[in-house]
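Undergrad: Hey, dropping entry_8.txt in here, compact mmCIF, C-alpha atoms and all ligand atoms:
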```
# COMPACT_ATOMS: atom_id res chain seq x y z
CA MET A 1076 8.47 -12.36 -13.75
CA THR A 1077 9.65 -9.28 -15.63
CA LEU A 1078 6.85 -6.89 -16.55
CA LEU A 1079 8.87 -3.92 -17.73
CA ARG A 1080 12.33 -3.91 -19.21
CA VAL A 1081 14.01 -0.66 -20.23
CA GLU A 1082 17.30 -1.23 -21.99
CA ASP A 1083 19.86 1.40 -22.91
CA VAL A 1084 17.29 4.04 -23.83
CA HIS A 1085 18.62 7.19 -25.46
CA LYS A 1086 16.56 10.27 -26.23
CA SER A 1087 17.58 13.69 -27.48
CA TYR A 1088 15.67 16.87 -28.05
CA GLY A 1089 17.63 18.70 -30.71
CA ASP A 1090 21.23 18.81 -29.51
CA GLU A 1091 20.35 17.99 -25.93
CA GLU A 1092 20.66 14.34 -24.97
CA VAL A 1093 18.06 13.97 -22.22
CA LEU A 1094 18.31 10.18 -21.67
CA LYS A 1095 21.82 8.81 -22.01
CA GLY A 1096 21.37 5.06 -21.88
CA VAL A 1097 18.82 4.30 -19.19
CA SER A 1098 18.28 0.65 -18.19
CA PHE A 1099 16.18 -0.95 -15.46
CA GLU A 1100 13.72 -3.78 -14.95
CA MET A 1101 10.57 -4.25 -12.94
CA ASP A 1102 8.89 -7.50 -11.97
CA ARG A 1103 5.13 -7.78 -11.82
CA GLY A 1104 3.92 -6.21 -8.56
CA ASP A 1105 7.05 -4.10 -8.08
CA VAL A 1106 6.87 -0.48 -7.00
CA ASP A 1107 9.82 1.54 -8.24
CA VAL A 1108 10.41 5.21 -7.55
CA LEU A 1109 12.31 7.50 -9.90
CA MET A 1110 13.97 10.46 -8.21
CA GLY A 1111 16.29 13.13 -9.47
CA PRO A 1112 16.78 16.85 -10.02
CA SER A 1113 14.58 18.96 -12.26
CA GLY A 1114 15.49 18.38 -15.90
CA SER A 1115 17.20 15.04 -15.23
CA GLY A 1116 14.79 13.25 -17.59
CA LYS A 1117 12.25 11.64 -15.24
CA SER A 1118 9.10 12.70 -17.13
CA THR A 1119 10.75 11.92 -20.45
CA MET A 1120 11.57 8.41 -19.21
CA LEU A 1121 7.95 7.77 -18.21
CA ARG A 1122 6.65 9.13 -21.50
CA CYS A 1123 8.96 6.82 -23.46
CA ILE A 1124 7.27 3.81 -21.85
CA ASN A 1125 3.85 4.49 -23.38
CA ARG A 1126 5.26 6.22 -26.44
CA LEU A 1127 3.97 9.69 -25.63
CA THR A 1128 7.61 10.37 -26.52
CA GLU A 1129 9.56 8.23 -29.00
CA ILE A 1130 13.04 6.97 -28.12
CA ASP A 1131 16.06 7.36 -30.43
CA SER A 1132 17.69 4.04 -29.55
CA GLY A 1133 17.44 1.24 -27.04
CA ASP A 1134 14.49 -0.99 -26.24
CA VAL A 1135 11.47 -1.13 -23.99
CA TRP A 1136 9.46 -4.29 -23.34
CA LEU A 1137 6.14 -4.43 -21.55
CA ASP A 1138 4.98 -7.89 -20.56
CA GLY A 1139 7.05 -9.39 -23.36
CA THR A 1140 5.78 -6.98 -26.02
CA PRO A 1141 8.43 -4.81 -27.69
CA VAL A 1142 6.99 -1.34 -27.13
CA TYR A 1143 8.88 -0.03 -30.18
CA GLY A 1144 8.32 -3.11 -32.33
CA PRO A 1145 7.08 -2.43 -35.86
CA ASP A 1146 3.94 -4.50 -35.29
CA THR A 1147 3.06 -3.08 -31.90
CA ASP A 1148 -0.32 -1.34 -31.75
CA VAL A 1149 0.31 1.87 -29.81
CA ASN A 1150 -3.34 2.22 -28.78
CA GLU A 1151 -3.41 -1.28 -27.32
CA LEU A 1152 -0.13 -0.64 -25.57
CA ARG A 1153 -1.46 2.55 -23.98
CA GLN A 1154 -4.46 0.66 -22.58
CA ASP A 1155 -2.00 -1.45 -20.62
CA VAL A 1156 -0.23 1.56 -19.15
CA GLY A 1157 -2.18 3.86 -16.84
CA MET A 1158 -0.79 7.34 -16.32
CA VAL A 1159 -1.39 9.80 -13.51
CA PHE A 1160 -0.22 13.37 -14.03
CA GLN A 1161 0.87 16.14 -11.72
CA ASP A 1162 -1.98 18.45 -12.77
CA PHE A 1163 -4.73 15.77 -12.78
CA ASN A 1164 -5.81 16.37 -16.42
CA LEU A 1165 -9.51 15.89 -15.66
CA PHE A 1166 -12.26 17.15 -17.96
CA ALA A 1167 -13.79 20.15 -16.18
CA HIS A 1168 -17.21 19.73 -17.80
CA LEU A 1169 -17.57 16.09 -16.72
CA THR A 1170 -18.40 14.74 -13.26
CA ALA A 1171 -16.00 12.47 -11.39
CA LEU A 1172 -17.99 9.46 -12.59
CA GLU A 1173 -18.08 10.67 -16.19
CA ASN A 1174 -14.33 11.30 -16.14
CA VAL A 1175 -13.85 7.66 -15.18
CA THR A 1176 -16.45 6.14 -17.54
CA LEU A 1177 -15.22 8.06 -20.60
CA GLY A 1178 -12.27 5.80 -21.43
CA LEU A 1179 -14.22 2.67 -20.57
CA LYS A 1180 -16.95 3.59 -23.05
CA ARG A 1181 -14.89 5.24 -25.80
CA VAL A 1182 -11.74 3.17 -25.73
CA LEU A 1183 -12.87 -0.21 -24.43
CA GLY A 1184 -16.45 -0.05 -25.73
CA VAL A 1185 -17.93 -1.01 -22.37
CA PRO A 1186 -21.72 -0.48 -22.34
CA GLU A 1187 -23.03 2.48 -20.33
CA ALA A 1188 -24.51 0.57 -17.38
CA GLU A 1189 -21.45 -1.61 -16.90
CA ALA A 1190 -19.11 1.36 -17.30
CA THR A 1191 -21.06 3.21 -14.61
CA ASP A 1192 -20.82 0.25 -12.22
CA ARG A 1193 -17.13 -0.21 -12.82
CA ALA A 1194 -16.38 3.49 -12.46
CA ALA A 1195 -18.36 3.67 -9.22
CA ASP A 1196 -16.33 0.73 -7.85
CA HIS A 1197 -13.05 2.40 -8.74
CA LEU A 1198 -14.13 5.71 -7.23
CA ALA A 1199 -15.13 3.85 -4.05
CA GLN A 1200 -11.72 2.19 -4.01
CA VAL A 1201 -10.05 5.62 -3.84
CA GLY A 1202 -12.47 6.82 -1.16
CA LEU A 1203 -14.76 8.89 -3.38
CA ALA A 1204 -18.03 6.96 -3.24
CA ALA A 1205 -19.82 10.14 -2.15
CA GLN A 1206 -18.32 12.38 -4.85
CA THR A 1207 -19.32 10.54 -8.04
CA ASP A 1208 -21.55 13.38 -9.25
CA SER A 1209 -19.20 16.23 -8.34
CA TYR A 1210 -17.43 18.28 -10.97
CA PRO A 1211 -13.66 18.76 -10.67
CA ALA A 1212 -14.11 22.38 -9.55
CA GLU A 1213 -16.17 21.11 -6.61
CA LEU A 1214 -13.40 18.77 -5.47
CA SER A 1215 -10.19 19.41 -3.54
CA GLY A 1216 -6.88 18.84 -5.30
CA GLY A 1217 -6.44 15.58 -3.40
CA GLN A 1218 -9.89 14.41 -4.47
CA GLN A 1219 -9.23 15.42 -8.08
CA GLN A 1220 -6.02 13.44 -8.08
CA ARG A 1221 -7.86 10.43 -6.67
CA VAL A 1222 -10.34 10.71 -9.58
CA GLY A 1223 -7.28 10.71 -11.87
CA ILE A 1224 -6.06 7.52 -10.24
CA ALA A 1225 -9.51 5.90 -10.47
CA ARG A 1226 -9.69 6.84 -14.13
CA ALA A 1227 -6.37 5.14 -14.85
CA LEU A 1228 -7.28 2.07 -12.76
CA ALA A 1229 -10.60 1.63 -14.54
CA MET A 1230 -8.75 0.61 -17.70
CA GLU A 1231 -7.21 -2.27 -15.72
CA PRO A 1232 -3.65 -1.49 -16.78
CA LYS A 1233 -0.71 -3.82 -16.27
CA LEU A 1234 1.48 -0.93 -15.20
CA MET A 1235 0.73 2.44 -13.62
CA LEU A 1236 2.99 5.43 -14.20
CA PHE A 1237 2.79 8.39 -11.81
CA ASP A 1238 4.48 11.68 -12.67
CA GLU A 1239 4.82 13.74 -9.48
CA PRO A 1240 1.24 12.96 -8.46
CA THR A 1241 1.38 14.99 -5.25
CA SER A 1242 3.57 17.93 -6.17
CA ALA A 1243 0.70 20.23 -7.18
CA LEU A 1244 -1.13 19.59 -3.90
CA ASP A 1245 -1.25 21.64 -0.73
CA PRO A 1246 0.82 19.81 1.89
CA GLU A 1247 -2.23 18.80 3.93
CA LEU A 1248 -3.69 16.98 0.90
CA VAL A 1249 -0.60 14.93 0.03
CA GLY A 1250 -1.32 12.24 2.62
CA GLU A 1251 -4.67 11.12 1.21
CA VAL A 1252 -3.18 10.59 -2.26
CA VAL A 1253 -0.13 8.80 -0.88
CA GLU A 1254 -2.49 6.58 1.13
CA VAL A 1255 -4.36 5.57 -2.04
CA MET A 1256 -1.07 4.83 -3.80
CA ARG A 1257 0.17 2.76 -0.89
CA ASP A 1258 -3.09 0.81 -0.92
CA LEU A 1259 -2.67 0.16 -4.64
CA ALA A 1260 0.87 -1.05 -4.07
CA GLU A 1261 -0.36 -3.43 -1.38
CA ARG A 1262 -2.94 -4.82 -3.78
CA GLY A 1263 -0.08 -5.81 -6.07
CA MET A 1264 -0.26 -3.13 -8.77
CA THR A 1265 3.01 -2.62 -10.65
CA MET A 1266 3.85 1.06 -10.25
CA LEU A 1267 6.62 3.31 -11.55
CA VAL A 1268 6.42 6.53 -9.60
CA VAL A 1269 8.26 9.80 -10.12
CA SER A 1270 8.07 11.36 -6.69
CA HIS A 1271 10.15 12.99 -4.02
CA GLU A 1272 7.88 11.84 -1.21
CA MET A 1273 10.40 10.10 1.02
CA GLY A 1274 7.63 8.61 3.17
CA PHE A 1275 6.05 6.87 0.21
CA ALA A 1276 9.40 5.74 -1.17
CA ARG A 1277 10.51 4.40 2.19
CA SER A 1278 7.33 2.46 2.89
CA ALA A 1279 6.29 1.29 -0.58
CA ALA A 1280 9.26 1.19 -2.95
CA ASP A 1281 11.07 -1.99 -3.85
CA ASP A 1282 13.73 0.00 -5.66
CA ILE A 1283 14.58 3.64 -6.04
CA HIS A 1284 16.42 4.81 -9.14
CA PHE A 1285 18.32 8.06 -8.84
CA LEU A 1286 18.46 9.78 -12.22
CA ASP A 1287 20.90 12.60 -12.84
CA SER A 1288 21.49 14.30 -16.21
CA GLY A 1289 19.86 11.45 -18.12
CA ARG A 1290 21.65 8.58 -16.38
CA ILE A 1291 20.66 6.29 -13.54
CA VAL A 1292 23.50 7.03 -11.15
CA GLU A 1293 22.38 4.58 -8.51
CA SER A 1294 19.54 2.11 -7.87
CA GLY A 1295 18.60 0.15 -4.81
CA PRO A 1296 16.07 -0.50 -2.09
CA PRO A 1297 15.14 2.56 0.01
CA GLU A 1298 17.18 1.55 3.06
CA GLN A 1299 20.28 1.31 0.90
CA LEU A 1300 19.77 4.55 -1.01
CA PHE A 1301 18.66 6.58 1.98
CA GLN A 1302 21.19 5.24 4.49
CA ARG A 1303 24.19 4.10 2.49
CA PRO A 1304 24.19 5.84 -0.88
CA GLU A 1305 27.29 4.88 -2.84
CA HIS A 1306 27.54 8.10 -4.79
CA ASP A 1307 28.11 11.61 -3.49
CA ARG A 1308 25.60 12.93 -6.00
CA THR A 1309 22.83 10.69 -4.62
CA ASN A 1310 23.71 11.62 -1.08
CA GLU A 1311 23.72 15.34 -1.84
CA PHE A 1312 20.36 15.16 -3.58
CA LEU A 1313 18.66 13.13 -0.85
CA THR A 1314 20.08 15.31 1.91
CA GLY A 1315 18.66 18.32 0.07
CA LEU A 1316 15.23 16.68 -0.09
CA GLN A 1317 15.23 15.92 3.61
CA SER A 1318 16.11 19.48 4.51
CA ASN A 1319 13.22 20.64 2.29
CA GLY A 1320 10.78 18.59 4.35
CA HIS A 1321 10.03 15.72 1.91
N1 LIG A 1401 9.10 18.25 -25.69
C1 LIG A 1401 10.32 18.72 -25.40
N2 LIG A 1401 11.03 19.44 -26.28
C2 LIG A 1401 12.27 19.88 -26.00
N3 LIG A 1401 12.89 19.66 -24.84
C3 LIG A 1401 12.25 18.94 -23.91
C4 LIG A 1401 10.92 18.43 -24.13
N4 LIG A 1401 10.54 17.75 -23.02
C5 LIG A 1401 11.56 17.84 -22.15
N5 LIG A 1401 12.58 18.54 -22.68
C6 LIG A 1401 13.88 18.81 -22.01
O1 LIG A 1401 14.41 17.57 -21.57
C7 LIG A 1401 15.03 17.70 -20.31
C8 LIG A 1401 14.42 16.71 -19.35
O2 LIG A 1401 13.07 17.05 -19.12
P1 LIG A 1401 12.11 16.21 -18.21
O3 LIG A 1401 10.78 16.89 -18.26
O4 LIG A 1401 12.14 14.79 -18.61
O5 LIG A 1401 12.80 16.37 -16.79
P2 LIG A 1401 12.24 16.02 -15.34
O6 LIG A 1401 13.31 15.23 -14.66
O7 LIG A 1401 10.90 15.42 -15.44
O8 LIG A 1401 12.17 17.45 -14.64
P3 LIG A 1401 11.11 18.05 -13.58
O9 LIG A 1401 11.55 17.53 -12.23
O10 LIG A 1401 11.30 19.52 -13.67
O11 LIG A 1401 9.75 17.60 -13.97
C9 LIG A 1401 14.85 19.17 -19.90
O12 LIG A 1401 16.04 19.83 -20.22
C10 LIG A 1401 13.71 19.64 -20.76
O13 LIG A 1401 13.83 21.00 -21.03
MG MG A 1402 9.02 16.01 -14.80
```
Once you've parsed the file, please lay out its structure as structure tokens.
Ligand SMILES: Nc1ncnc2c1ncn2[C@@H]1O[C@H](COP(=O)(O)OP(=O)(O)OP(=O)(O)O)[C@@H](O)[C@H]1O
Ligand SMILES: [Mg+2]

TA:
Amino acid sequence: MTLLRVEDVHKSYGDEEVLKGVSFEMDRGDVDVLMGPSGSGKSTMLRCINRLTEIDSGDVWLDGTPVYGPDTDVNELRQDVGMVFQDFNLFAHLTALENVTLGLKRVLGVPEAEATDRAADHLAQVGLAAQTDSYPAELSGGQQQRVGIARALAMEPKLMLFDEPTSALDPELVGEVVEVMRDLAERGMTMLVVSHEMGFARSAADDIHFLDSGRIVESGPPEQLFQRPEHDRTNEFLTGLQSNGH
């Protein structure tokens, strides 16, 4: 069953058309990876799904709801879409647990005790049961990112968006975050992931979409894109990634 449908999305900033008619679909439980060069429009595409950025034309549907429909409540929509950022975006003055309970209490109105229980469960799920009372500055980058994932999961979203979740991490910390994401994928979470981690894409992605200058040049399962790319541009890009150690 289709959970996300993106249809002919166009987006310009000033004179620059950043998305030039992007279309793709994801079924519930799918894990799709968006790859492409810097400036190709990957972050913009993610942001158009939860309306952090507004599209100029086209359509987006989430679970049957028209994201850009005149009657769509943007706040409700955003509760259904969890987002994990490159730079974690945690509150420095709040503990790991407080970072996770904040949205539960403020946005969903969950009472304190229940919010604490739920947050503790989500932190345990990402391997941070022992770090609930730590402040971000006391955590490694990998641990901070796992708090970011727990925070998004706590809202029980229908879809999780990841924007280069491991690219700010030291190489030795990438694995623990990828492991958590793989675990999430295995539990059936629908995930749209901007990442150049070939290992994650190869093992977890249903489809990879290669975006170049605002267009999806090629889409397909990892074995197809990595071994038999149809387009020179895809091949060039992926070969470049491999030689950079991704
Ligand atoms: N808020 C904005 N205002 C103006 N231009 C923007 C804005 N956000 C993005 N752009 C431009 O849109 C283009 C696509 O940006 P985007 O961040 O989506 O690319 P990206 O594929 O995520 O790149 P990267 O790999 O570097 O993160 C770039 O040329 C960028 O400068
Ligand atoms: Mg980006």

Undergrad: Can I get the residues of range 1226-1254 of chain A within 9 Å of range 1195-1219 of chain A, each with the closest pair of atoms and their distance in Å to one decimal, using all atoms listed in the file, sorted chain first then ascending number, as a tab-separated table?

TA:
```
residue	atom	partner	partner_atom	distance
A:Arg1226	CA	A:His1197	CA	7.7
A:Leu1228	CA	A:His1197	CA	7.0
A:Ala1229	CA	A:His1197	CA	6.3
A:Thr1241	CA	A:Gly1217	CA	8.1
A:Ala1243	CA	A:Gly1216	CA	7.9
A:Leu1244	CA	A:Gly1216	CA	6.0
A:Asp1245	CA	A:Gly1216	CA	7.8
A:Leu1248	CA	A:Gly1217	CA	5.3
A:Val1249	CA	A:Gly1217	CA	6.8
A:Gly1250	CA	A:Gly1217	CA	8.6
A:Glu1251	CA	A:Gly1217	CA	6.7
A:Val1252	CA	A:Gly1217	CA	6.1
```

Undergrad: Just checking: using only C-alpha atoms, which residue out of A:Asp1281, A:Asp1238, A:Asp1307, A:Asp1258 ends up closest to Ser1118 in chain A?

TA: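 Closest residue, counting only C-alpha atoms: A:Asp1238.
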
Undergrad: With all atoms listed in the file counted and 10 Å as the cut-off, give the residues of chain A in contact with ligand MG 1402 (chain A), each with its shortest interatomic distance in Å and the pair that gives it, as JSON lines.

TA:
```
{"residue": "A:Met1110", "atom": "CA", "partner": "A:MG1402", "partner_atom": "MG", "distance": 9.9}
{"residue": "A:Gly1111", "atom": "CA", "partner": "A:MG1402", "partner_atom": "MG", "distance": 9.5}
{"residue": "A:Pro1112", "atom": "CA", "partner": "A:MG1402", "partner_atom": "MG", "distance": 9.2}
{"residue": "A:Ser1113", "atom": "CA", "partner": "A:MG1402", "partner_atom": "MG", "distance": 6.8}
{"residue": "A:Gly1114", "atom": "CA", "partner": "A:MG1402", "partner_atom": "MG", "distance": 7.0}
{"residue": "A:Ser1115", "atom": "CA", "partner": "A:MG1402", "partner_atom": "MG", "distance": 8.2}
{"residue": "A:Gly1116", "atom": "CA", "partner": "A:MG1402", "partner_atom": "MG", "distance": 7.0}
{"residue": "A:Lys1117", "atom": "CA", "partner": "A:MG1402", "partner_atom": "MG", "distance": 5.5}
{"residue": "A:Ser1118", "atom": "CA", "partner": "A:MG1402", "partner_atom": "MG", "distance": 4.0}
{"residue": "A:Thr1119", "atom": "CA", "partner": "A:MG1402", "partner_atom": "MG", "distance": 7.2}
{"residue": "A:Met1120", "atom": "CA", "partner": "A:MG1402", "partner_atom": "MG", "distance": 9.1}
{"residue": "A:Leu1121", "atom": "CA", "partner": "A:MG1402", "partner_atom": "MG", "distance": 9.0}
{"residue": "A:Arg1122", "atom": "CA", "partner": "A:MG1402", "partner_atom": "MG", "distance": 9.9}
{"residue": "A:Phe1160", "atom": "CA", "partner": "A:MG1402", "partner_atom": "MG", "distance": 9.6}
{"residue": "A:Gln1161", "atom": "CA", "partner": "A:MG1402", "partner_atom": "MG", "distance": 8.7}
{"residue": "A:Asp1238", "atom": "CA", "partner": "A:MG1402", "partner_atom": "MG", "distance": 6.6}
{"residue": "A:Glu1239", "atom": "CA", "partner": "A:MG1402", "partner_atom": "MG", "distance": 7.1}
{"residue": "A:Val1269", "atom": "CA", "partner": "A:MG1402", "partner_atom": "MG", "distance": 7.8}
{"residue": "A:Ser1270", "atom": "CA", "partner": "A:MG1402", "partner_atom": "MG", "distance": 9.4}
```

Undergrad: Write a file of the just-selected residues containing C-alpha atoms, as a tab-separated table (two decimals), in the frame of the given file.

TA:
```
chain	number	residue	atom	x	y	z
A	1110	MET	CA	13.97	10.46	-8.21
A	1111	GLY	CA	16.29	13.13	-9.47
A	1112	PRO	CA	16.78	16.85	-10.02
A	1113	SER	CA	14.58	18.96	-12.26
A	1114	GLY	CA	15.49	18.38	-15.90
A	1115	SER	CA	17.20	15.04	-15.23
A	1116	GLY	CA	14.79	13.25	-17.59
A	1117	LYS	CA	12.25	11.64	-15.24
A	1118	SER	CA	9.10	12.70	-17.13
A	1119	THR	CA	10.75	11.92	-20.45
A	1120	MET	CA	11.57	8.41	-19.21
A	1121	LEU	CA	7.95	7.77	-18.21
A	1122	ARG	CA	6.65	9.13	-21.50
A	1160	PHE	CA	-0.22	13.37	-14.03
A	1161	GLN	CA	0.87	16.14	-11.72
A	1238	ASP	CA	4.48	11.68	-12.67
A	1239	GLU	CA	4.82	13.74	-9.48
A	1269	VAL	CA	8.26	9.80	-10.12
A	1270	SER	CA	8.07	11.36	-6.69
```

Undergrad: Excluding Gly1274 in chain A and residues on its chain fewer than 2 positions from it, collect all residues at most 12 Å away from it, counting all atoms listed in the file, and give them as a PyMOL selection string.

TA: chain A and resi 1108+1249-1250+1253-1254+1256-1257+1270-1272+1276-1280+1297-1298+1301+1316-1317+1320-1321

Undergrad: For a cut-off of 12 Å around (20.6, 7.2, -12.5), file coordinates, pick out all residues using only C-alpha atoms and list them as a PyMOL selection string.

TA: chain A and resi 1083+1094-1099+1108-1112+1115-1117+1120+1283-1295+1300+1305-1306+1308-1309+1312

Undergrad: Record the distance separating CA of Arg1303 in chain A and CA of Asp1105 in chain A, expressed in Å with one decimal.

TA: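 Computed distance, CA of Arg1303 in chain A to CA of Asp1105 in chain A, equals 21.7 Å.
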
Undergrad: What is the distance between CA of Gly1178 in chain A and CA of Ala1227 in chain A, in Å to one decimal?

TA: 8.9 Å
